[in-house]
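**Student:** Structure file upload.cif (mmCIF, C-alpha atoms) right here:
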```
data_input
#
loop_
_atom_site.label_atom_id
_atom_site.label_comp_id
_atom_site.auth_asym_id
_atom_site.auth_seq_id
_atom_site.Cartn_x
_atom_site.Cartn_y
_atom_site.Cartn_z
CA MET C 3 17.42 -2.75 -23.46
CA SER C 4 13.69 -2.98 -23.05
CA THR C 5 11.79 0.30 -22.83
CA LEU C 6 9.84 -1.13 -19.95
CA GLY C 7 12.69 -0.41 -17.57
CA THR C 8 14.50 -2.70 -15.15
CA ARG C 9 13.68 -4.40 -11.91
CA ALA C 10 15.85 -2.16 -9.76
CA VAL C 11 15.45 -4.28 -6.63
CA PRO C 12 15.58 -7.90 -7.85
CA LEU C 13 13.76 -10.43 -5.72
CA SER C 14 15.56 -13.69 -5.07
CA PRO C 15 13.39 -16.77 -4.51
CA ARG C 16 14.03 -16.49 -0.76
CA SER C 17 13.16 -12.78 -0.72
CA ALA C 18 9.97 -13.48 -2.66
CA LEU C 19 9.08 -16.20 -0.15
CA VAL C 20 9.72 -13.88 2.81
CA LEU C 21 7.69 -11.16 1.14
CA GLY C 22 4.81 -13.56 0.51
CA VAL C 23 4.78 -14.93 4.04
CA ALA C 24 5.04 -11.46 5.56
CA SER C 25 2.24 -10.18 3.34
CA LEU C 26 0.04 -13.06 4.45
CA GLY C 27 0.89 -12.27 8.07
CA GLY C 28 0.16 -8.59 7.51
CA LEU C 29 -3.18 -9.41 5.93
CA MET C 30 -4.06 -11.54 8.95
CA MET C 31 -3.16 -8.64 11.24
CA LEU C 32 -5.48 -6.40 9.25
CA ALA C 33 -8.29 -8.93 9.22
CA TRP C 34 -8.02 -10.17 12.82
CA PRO C 35 -11.60 -9.12 13.70
CA LEU C 36 -12.93 -11.42 10.99
CA LEU C 37 -10.62 -14.29 11.94
CA LEU C 38 -11.11 -14.19 15.70
CA ARG C 39 -13.47 -16.72 17.23
CA VAL C 40 -14.53 -16.24 20.86
CA PRO C 41 -17.19 -17.79 23.10
CA GLU C 42 -20.46 -15.90 23.33
CA HIS C 43 -20.47 -13.06 25.90
CA ALA C 44 -16.71 -13.38 26.43
CA ARG C 45 -14.62 -10.23 26.91
CA VAL C 46 -12.46 -9.35 23.91
CA ASP C 47 -9.58 -6.89 23.92
CA PRO C 48 -7.80 -5.81 20.74
CA PRO C 49 -4.64 -7.92 20.23
CA PHE C 50 -2.23 -5.01 20.63
CA LEU C 51 0.78 -7.32 20.99
CA PHE C 52 -0.15 -9.01 17.73
CA LEU C 53 -0.56 -5.66 16.00
CA ALA C 54 2.75 -4.41 17.42
CA LEU C 55 4.54 -7.12 15.45
CA LEU C 56 3.67 -5.40 12.16
CA PRO C 57 6.61 -2.93 12.20
CA ILE C 58 8.94 -5.85 12.89
CA VAL C 59 7.48 -7.75 9.94
CA ILE C 60 8.02 -4.74 7.67
CA ALA C 61 11.60 -4.32 8.92
CA VAL C 62 12.39 -7.99 8.27
CA VAL C 63 11.01 -7.79 4.72
CA LEU C 64 12.94 -4.60 3.92
CA ALA C 65 16.14 -6.13 5.28
CA GLU C 66 15.61 -9.29 3.23
CA ILE C 67 14.85 -7.39 0.03
CA SER C 68 17.95 -5.21 0.36
CA GLU C 69 20.20 -8.06 1.53
CA GLY C 70 22.01 -8.22 -1.78
CA GLY C 71 22.88 -4.54 -1.50
CA MET C 72 21.10 -1.77 -3.36
CA ASP C 73 23.01 -0.06 -6.11
CA PRO C 74 23.85 3.51 -5.00
CA ARG C 75 22.08 4.89 -8.07
CA VAL C 76 18.93 2.91 -7.28
CA LEU C 77 19.16 4.08 -3.68
CA ALA C 78 19.42 7.68 -4.90
CA ILE C 79 16.35 7.26 -7.10
CA LEU C 80 14.50 5.70 -4.16
CA GLY C 81 15.42 8.66 -1.96
CA VAL C 82 14.31 11.22 -4.53
CA LEU C 83 10.99 9.49 -5.22
CA SER C 84 10.34 9.03 -1.49
CA ALA C 85 10.93 12.74 -0.89
CA VAL C 86 8.73 13.75 -3.83
CA ASN C 87 5.97 11.44 -2.66
CA ALA C 88 6.22 12.82 0.88
CA LEU C 89 5.89 16.37 -0.46
CA LEU C 90 2.97 15.41 -2.71
CA ARG C 91 1.16 13.82 0.20
CA GLY C 92 1.78 16.87 2.35
CA ILE C 93 0.42 19.16 -0.36
CA SER C 94 -2.68 17.12 -1.09
CA ALA C 95 -3.24 16.14 2.56
CA GLY C 96 -5.95 13.66 1.59
CA THR C 97 -8.67 16.31 1.62
CA GLY C 98 -11.76 14.78 0.04
CA GLY C 99 -9.66 11.80 -0.97
CA VAL C 100 -7.26 13.88 -3.09
CA GLU C 101 -3.98 12.07 -2.44
CA LEU C 102 -1.21 12.48 -5.00
CA VAL C 103 1.16 9.98 -3.42
CA PHE C 104 -0.28 6.90 -5.08
CA PHE C 105 -0.01 7.76 -8.76
CA LEU C 106 3.77 8.21 -8.57
CA LEU C 107 4.07 5.06 -6.45
CA ILE C 108 2.17 3.10 -9.09
CA LEU C 109 4.24 4.46 -11.97
CA ALA C 110 7.53 3.84 -10.16
CA GLY C 111 6.49 0.30 -9.26
CA ARG C 112 5.59 -0.26 -12.89
CA VAL C 113 9.02 0.86 -14.13
CA PHE C 114 11.35 -0.46 -11.42
CA GLY C 115 9.55 -3.64 -10.42
CA PRO C 116 7.68 -5.10 -7.43
CA GLY C 117 10.63 -5.07 -5.02
CA PHE C 118 11.28 -1.38 -5.60
CA GLY C 119 7.55 -0.66 -5.43
CA PHE C 120 7.27 -2.38 -2.06
CA VAL C 121 10.20 -0.46 -0.59
CA LEU C 122 9.01 2.85 -2.05
CA GLY C 123 5.55 2.36 -0.56
CA CYS C 124 7.09 1.93 2.89
CA THR C 125 9.57 4.80 2.67
CA SER C 126 7.11 7.23 1.09
CA LEU C 127 4.49 6.82 3.80
CA PHE C 128 7.09 6.86 6.57
CA ALA C 129 8.71 10.05 5.26
CA SER C 130 5.36 11.78 4.78
CA ALA C 131 4.28 10.81 8.30
CA LEU C 132 7.42 12.40 9.72
CA MET C 133 6.83 15.58 7.69
CA THR C 134 3.16 15.92 8.63
CA ALA C 135 3.38 14.63 12.22
CA GLY C 136 1.23 11.73 11.15
CA VAL C 137 3.05 9.08 13.17
CA GLY C 138 0.61 6.85 15.03
CA PRO C 139 -0.57 3.27 15.40
CA TRP C 140 -2.07 3.48 11.92
CA LEU C 141 1.31 4.20 10.25
CA PRO C 142 2.58 0.58 9.96
CA PHE C 143 -0.70 -0.38 8.29
CA GLN C 144 -0.45 2.56 5.89
CA MET C 145 3.13 1.59 5.06
CA LEU C 146 2.24 -2.05 4.44
CA VAL C 147 -0.83 -1.39 2.31
CA SER C 148 1.01 1.28 0.29
CA ALA C 149 3.86 -1.19 -0.17
CA TRP C 150 1.35 -3.66 -1.60
CA VAL C 151 0.11 -0.97 -4.00
CA GLY C 152 3.64 -0.37 -5.31
CA MET C 153 4.40 -4.08 -5.46
CA GLY C 154 1.18 -4.81 -7.33
CA ALA C 155 2.04 -2.22 -9.96
CA GLY C 156 5.36 -3.98 -10.52
CA LEU C 157 3.58 -7.30 -10.99
CA LEU C 158 1.31 -6.07 -13.78
CA PRO C 159 1.88 -7.63 -17.23
CA ARG C 160 5.14 -6.27 -18.67
CA ARG C 161 4.25 -6.69 -22.34
CA VAL C 162 1.45 -4.12 -22.32
CA THR C 163 2.67 -0.81 -23.80
CA GLY C 164 1.45 2.49 -25.18
CA ARG C 165 -2.13 3.57 -24.60
CA ARG C 166 -3.08 0.11 -23.38
CA GLU C 167 -0.47 0.42 -20.67
CA ILE C 168 -1.87 3.77 -19.50
CA ALA C 169 -5.40 2.34 -19.54
CA MET C 170 -4.20 -0.66 -17.49
CA LEU C 171 -2.49 1.62 -14.97
CA VAL C 172 -5.59 3.82 -14.70
CA LEU C 173 -7.71 0.77 -13.90
CA TYR C 174 -5.13 -0.40 -11.41
CA GLY C 175 -5.08 3.07 -9.83
CA VAL C 176 -8.85 2.91 -9.32
CA PHE C 177 -8.62 -0.59 -7.85
CA ALA C 178 -5.74 0.42 -5.57
CA ALA C 179 -7.67 3.45 -4.30
CA TYR C 180 -10.62 1.40 -3.13
CA ALA C 181 -8.43 -1.46 -1.87
CA PHE C 182 -6.35 0.95 0.22
CA GLY C 183 -9.47 2.47 1.76
CA LEU C 184 -11.02 -0.94 2.41
CA LEU C 185 -7.94 -2.34 4.15
CA MET C 186 -7.31 0.79 6.20
CA ASN C 187 -10.96 0.78 7.29
CA LEU C 188 -10.56 -2.84 8.32
CA SER C 189 -7.53 -1.96 10.46
CA GLY C 190 -9.42 0.75 12.35
CA TRP C 191 -13.02 -0.43 12.34
CA PRO C 192 -13.03 -2.22 15.73
CA PHE C 193 -11.27 0.73 17.40
CA VAL C 194 -13.41 3.50 15.91
CA LEU C 195 -16.79 2.03 16.85
CA GLY C 196 -15.69 -0.21 19.69
CA ILE C 197 -16.03 -3.94 20.23
CA GLU C 198 -19.44 -5.22 21.18
CA VAL C 199 -20.50 -8.54 22.66
CA ALA C 200 -23.01 -10.76 20.91
CA GLY C 201 -26.50 -9.84 22.09
CA HIS C 202 -25.59 -6.24 22.93
CA GLU C 203 -24.23 -5.07 19.60
CA GLY C 204 -24.68 -1.74 17.86
CA SER C 205 -25.65 -1.45 14.23
CA LEU C 206 -22.17 -1.17 12.68
CA SER C 207 -19.78 -2.25 15.46
CA TYR C 208 -17.57 -5.29 15.32
CA VAL C 209 -19.32 -8.00 17.34
CA ALA C 210 -17.06 -10.53 19.01
CA GLY C 211 -18.40 -14.03 18.54
CA ALA C 212 -20.86 -13.10 15.79
CA PRO C 213 -20.92 -15.16 12.57
CA LEU C 214 -18.42 -14.08 9.93
CA TRP C 215 -21.08 -13.01 7.42
CA GLU C 216 -22.74 -10.73 10.00
CA ASN C 217 -19.50 -8.92 10.77
CA LEU C 218 -18.72 -8.71 7.05
CA HIS C 219 -22.11 -7.09 6.48
CA ARG C 220 -21.52 -4.57 9.28
CA PHE C 221 -18.07 -3.78 7.93
CA ALA C 222 -19.34 -3.39 4.37
CA VAL C 223 -22.03 -0.92 5.48
CA TYR C 224 -19.51 0.94 7.65
CA THR C 225 -17.07 1.26 4.72
CA LEU C 226 -19.81 2.31 2.30
CA LEU C 227 -21.05 5.05 4.63
CA THR C 228 -17.72 6.38 5.81
CA SER C 229 -15.31 6.26 2.86
CA THR C 230 -16.45 4.58 -0.35
CA GLY C 231 -18.45 7.51 -1.68
CA SER C 232 -16.04 10.16 -0.43
CA PHE C 233 -12.39 9.48 0.33
CA ASP C 234 -12.02 6.29 -1.72
CA THR C 235 -13.80 7.70 -4.75
CA GLY C 236 -11.82 10.94 -4.51
CA ARG C 237 -8.61 8.92 -4.33
CA ALA C 238 -9.68 6.83 -7.34
CA ILE C 239 -10.46 9.95 -9.39
CA THR C 240 -7.14 11.54 -8.40
CA ASN C 241 -5.20 8.41 -9.35
CA SER C 242 -6.93 7.93 -12.68
CA VAL C 243 -6.67 11.58 -13.77
CA ALA C 244 -3.03 11.90 -12.67
CA ILE C 245 -2.02 8.68 -14.40
CA ALA C 246 -3.93 9.52 -17.58
CA VAL C 247 -2.57 13.07 -17.82
CA LEU C 248 0.92 12.78 -16.34
CA GLY C 249 1.53 9.05 -16.75
CA PRO C 250 3.18 9.03 -20.22
CA ALA C 251 5.65 11.80 -19.35
CA VAL C 252 6.46 10.39 -15.90
CA LEU C 253 6.94 6.87 -17.28
CA THR C 254 9.34 8.21 -19.92
CA THR C 255 11.33 10.11 -17.28
CA LEU C 256 11.51 7.14 -14.92
CA ARG C 257 12.54 4.77 -17.69
CA ARG C 258 15.25 7.17 -18.79
CA ALA C 259 16.55 7.28 -15.21
CA SER C 260 16.36 3.50 -15.07
CA ARG C 261 18.39 3.10 -18.26
CA ARG C 262 21.02 5.56 -17.12
CA ALA C 263 21.39 3.87 -13.76
CA THR C 264 21.70 0.47 -15.39
CA VAL C 265 24.16 1.58 -18.06
CA THR C 266 26.30 3.54 -15.59
CA GLY C 267 26.26 0.64 -13.18
CA SER C 268 27.37 -1.82 -15.86
CA VAL C 269 30.23 0.50 -16.92
CA ALA C 270 31.36 0.92 -13.33
#
```
Please re-express this file's structure in structure tokens.

**Tutor:**
Amino acid sequence: MSTLGTRAVPLSPRSALVLGVASLGGLMMLAWPLLLRVPEHARVDPPFLFLALLPIVIAVVLAEISEGGMDPRVLAILGVLSAVNALLRGISAGTGGVELVFFLLILAGRVFGPGFGFVLGCTSLFASALMTAGVGPWLPFQMLVSAWVGMGAGLLPRRVTGRREIAMLVLYGVFAAYAFGLLMNLSGWPFVLGIEVAGHEGSLSYVAGAPLWENLHRFAVYTLLTSTGSFDTGRAITNSVAIAVLGPAVLTTLRRASRRATVTGSVA
């Protein structure tokens, strides 16, 4: 058996299609301020009904991915990793961008594959939100973006091994840190600063009816000032250091668990 582990949650062509369509829909929900076109001076309210569909989208994807039935051993590993991630997030609490939840999510996605990584991203953030009373309208977005982080790790080239693999995962951890911050900022930007009307806009607010490049510029400045140099960079440093220092040992442990689950399952 390959030392790279197994894809613990195989994706059928239909599941991959559902996952792709749902991810596209989720991205549109995140980026609705940049996609919306309204007449000048028209009143714009946040599309709360549209945003409320996100938990349903996540539920449909999870149901589709697990349709074939998860092996009990895989389910047990998923439960353990979700609990560990929830505890790690509670301990680190995101202070200064120090969030320990992502490095384990990346390593698990790498070993067990994109389907497992997607599910683990959802369950980890949901469990941690319940533990820390962090349930709110932002939670479905956190779950979806974290699921993308785990899925992306599972889609990285499988042939890369050794030190090159750790270096690749470190780079991916840095990318994922900034991507997570960027997408979460996009989900909350119109609500934090409010929605302005063209001609009466503030410096960094989302302006309904303004050209796309103007809103992109406002959003870029907003992200740079509020999170890029603090939370996102802290998250990137945490990911890279944790993966570089703990990555080899954690990968070995996860791959051993993967082999045992696969061998035991085949015997049973």

**Student:** Using only C-alpha atoms, which residue out of C:Gly249, C:Gly111, C:Gly152, C:Pro35 lies closest to Leu188 (chain C)?

**Tutor:**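 When distances to Leu188 (chain C) are compared using only C-alpha atoms, the smallest one comes from C:Pro35.
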
**Student:** For the file shown, what are the residues hit by the PyMOL selection byres ((chain C and resi 85) around 12), laid out as a PyMOL selection string?

**Tutor:** chain C and resi 78-84+86-92+103+106-107+122-123+125-133

**Student:** Out of C:Leu218, C:Gln144, C:Gly119, C:Val20, which residue has the shortest atom-to-atom distance to Leu158 (chain C) when counting only C-alpha atoms?

**Tutor:**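 Under the stated criterion, the closest residue is C:Gly119.
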
**Student:** Evaluating the PyMOL selection byres ((chain C and resi 221) around 9) on the displayed file yields which residues, as an mmCIF file with C-alpha atoms, in the coordinates of the input?

**Tutor:**
```cif
data_model
loop_
_atom_site.group_PDB
_atom_site.id
_atom_site.type_symbol
_atom_site.label_atom_id
_atom_site.label_comp_id
_atom_site.auth_asym_id
_atom_site.auth_seq_id
_atom_site.Cartn_x
_atom_site.Cartn_y
_atom_site.Cartn_z
ATOM 1 C CA ASN C 187 -10.960 0.780 7.290
ATOM 2 C CA LEU C 188 -10.560 -2.840 8.320
ATOM 3 C CA TRP C 191 -13.020 -0.430 12.340
ATOM 4 C CA LEU C 206 -22.170 -1.170 12.680
ATOM 5 C CA SER C 207 -19.780 -2.250 15.460
ATOM 6 C CA TYR C 208 -17.570 -5.290 15.320
ATOM 7 C CA GLU C 216 -22.740 -10.730 10.000
ATOM 8 C CA ASN C 217 -19.500 -8.920 10.770
ATOM 9 C CA LEU C 218 -18.720 -8.710 7.050
ATOM 10 C CA HIS C 219 -22.110 -7.090 6.480
ATOM 11 C CA ARG C 220 -21.520 -4.570 9.280
ATOM 12 C CA ALA C 222 -19.340 -3.390 4.370
ATOM 13 C CA VAL C 223 -22.030 -0.920 5.480
ATOM 14 C CA TYR C 224 -19.510 0.940 7.650
ATOM 15 C CA THR C 225 -17.070 1.260 4.720
ATOM 16 C CA LEU C 226 -19.810 2.310 2.300
#
```

**Student:** What is the CA of Ala210 (chain C) to CA of Ala33 (chain C) distance in Å?

**Tutor:**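 Pair CA of Ala210 (chain C) / CA of Ala33 (chain C) returns 13.2 Å.
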
**Student:** Nearest residue to Ala181 (chain C) out of C:Thr228, C:Thr240, C:Thr134, C:Ser148, using all atoms listed in the file?

**Tutor:**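 Closest residue, counting all atoms listed in the file: C:Ser148.
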
**Student:** Please, what distance in Å, to one decimal, runs between CA of Thr163 (chain C) and CA of Leu256 (chain C)?

**Tutor:**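 Rounded to one decimal, the two atoms are 14.8 Å apart.
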
**Student:** Give me the result of the PyMOL selection byres ((chain C and resi 168-171) around 9) on this file, residue by residue, as a PDB file with C-alpha atoms, keeping the file's coordinate frame.

**Tutor:**
```
ATOM      1  CA  ILE C 108       2.170   3.100  -9.090  1.00  0.00           C
ATOM      2  CA  LEU C 109       4.240   4.460 -11.970  1.00  0.00           C
ATOM      3  CA  ARG C 112       5.590  -0.260 -12.890  1.00  0.00           C
ATOM      4  CA  ALA C 155       2.040  -2.220  -9.960  1.00  0.00           C
ATOM      5  CA  LEU C 158       1.310  -6.070 -13.780  1.00  0.00           C
ATOM      6  CA  VAL C 162       1.450  -4.120 -22.320  1.00  0.00           C
ATOM      7  CA  THR C 163       2.670  -0.810 -23.800  1.00  0.00           C
ATOM      8  CA  GLY C 164       1.450   2.490 -25.180  1.00  0.00           C
ATOM      9  CA  ARG C 165      -2.130   3.570 -24.600  1.00  0.00           C
ATOM     10  CA  ARG C 166      -3.080   0.110 -23.380  1.00  0.00           C
ATOM     11  CA  GLU C 167      -0.470   0.420 -20.670  1.00  0.00           C
ATOM     12  CA  VAL C 172      -5.590   3.820 -14.700  1.00  0.00           C
ATOM     13  CA  LEU C 173      -7.710   0.770 -13.900  1.00  0.00           C
ATOM     14  CA  TYR C 174      -5.130  -0.400 -11.410  1.00  0.00           C
ATOM     15  CA  GLY C 175      -5.080   3.070  -9.830  1.00  0.00           C
ATOM     16  CA  VAL C 176      -8.850   2.910  -9.320  1.00  0.00           C
ATOM     17  CA  SER C 242      -6.930   7.930 -12.680  1.00  0.00           C
ATOM     18  CA  ILE C 245      -2.020   8.680 -14.400  1.00  0.00           C
ATOM     19  CA  ALA C 246      -3.930   9.520 -17.580  1.00  0.00           C
ATOM     20  CA  GLY C 249       1.530   9.050 -16.750  1.00  0.00           C
ATOM     21  CA  PRO C 250       3.180   9.030 -20.220  1.00  0.00           C
TER      22      PRO C 250
END
```

**Student:** Give me the residues near Ala238 (chain C) as a list in words, where near means some atom within 9 Å (using only C-alpha atoms) and where sequence neighbours in that chain fewer than 2 positions away do not count.

**Tutor:**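 What passes the distance filter is Gly99, Val100, Val172, Gly175, Val176, Phe177, Ala178, Ala179, Tyr180, Phe233, Asp234, Thr235, Gly236, Thr240, Asn241, Ser242 and Val243 of chain C.
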
**Student:** What separation in Å, quoted to one decimal, exists between CA of Leu157 (chain C) and CA of Pro116 (chain C)?

**Tutor:** 5.9 Å

**Student:** Output as AutoDock Vina command-line options the centre and edge lengths (Å, one decimal) of the box along x, y and z of the file that holds every listed atom of region 14-29 of chain C after adding 4 Å on each side.

**Tutor:**
```
--center_x 6.2 --center_y -12.7 --center_z 1.5 --size_x 26.7 --size_y 16.2 --size_z 21.1
```

**Student:** When you count all atoms listed in the file, which of these residues is closest to Val151 (chain C): C:Pro74, C:Pro139, C:Pro213, C:Gly183?

**Tutor:** C:Gly183

**Student:** Please determine, counting all atoms listed in the file, which residue among C:Leu19, C:Val147, C:Leu36, C:Met31 has the shortest atom-to-atom distance to Trp215 (chain C).

**Tutor:**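 Nearest to Trp215 (chain C): C:Leu36.
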
**Student:** Tell me which of C:Gly28, C:Gly154, C:Pro159, C:Pro142 sits closest to Phe118 (chain C), counting all atoms listed in the file.

**Tutor:**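 Nearest candidate to Phe118 (chain C) out of C:Gly28, C:Gly154, C:Pro159, C:Pro142: C:Gly154.
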
**Student:** Please list as an MDAnalysis selection string every residue within 9 Å of Ser25 (chain C), counting only C-alpha atoms and excluding residues in the same chain fewer than 5 positions away.

**Tutor:** chainID C and resid 20 30 59 146 150
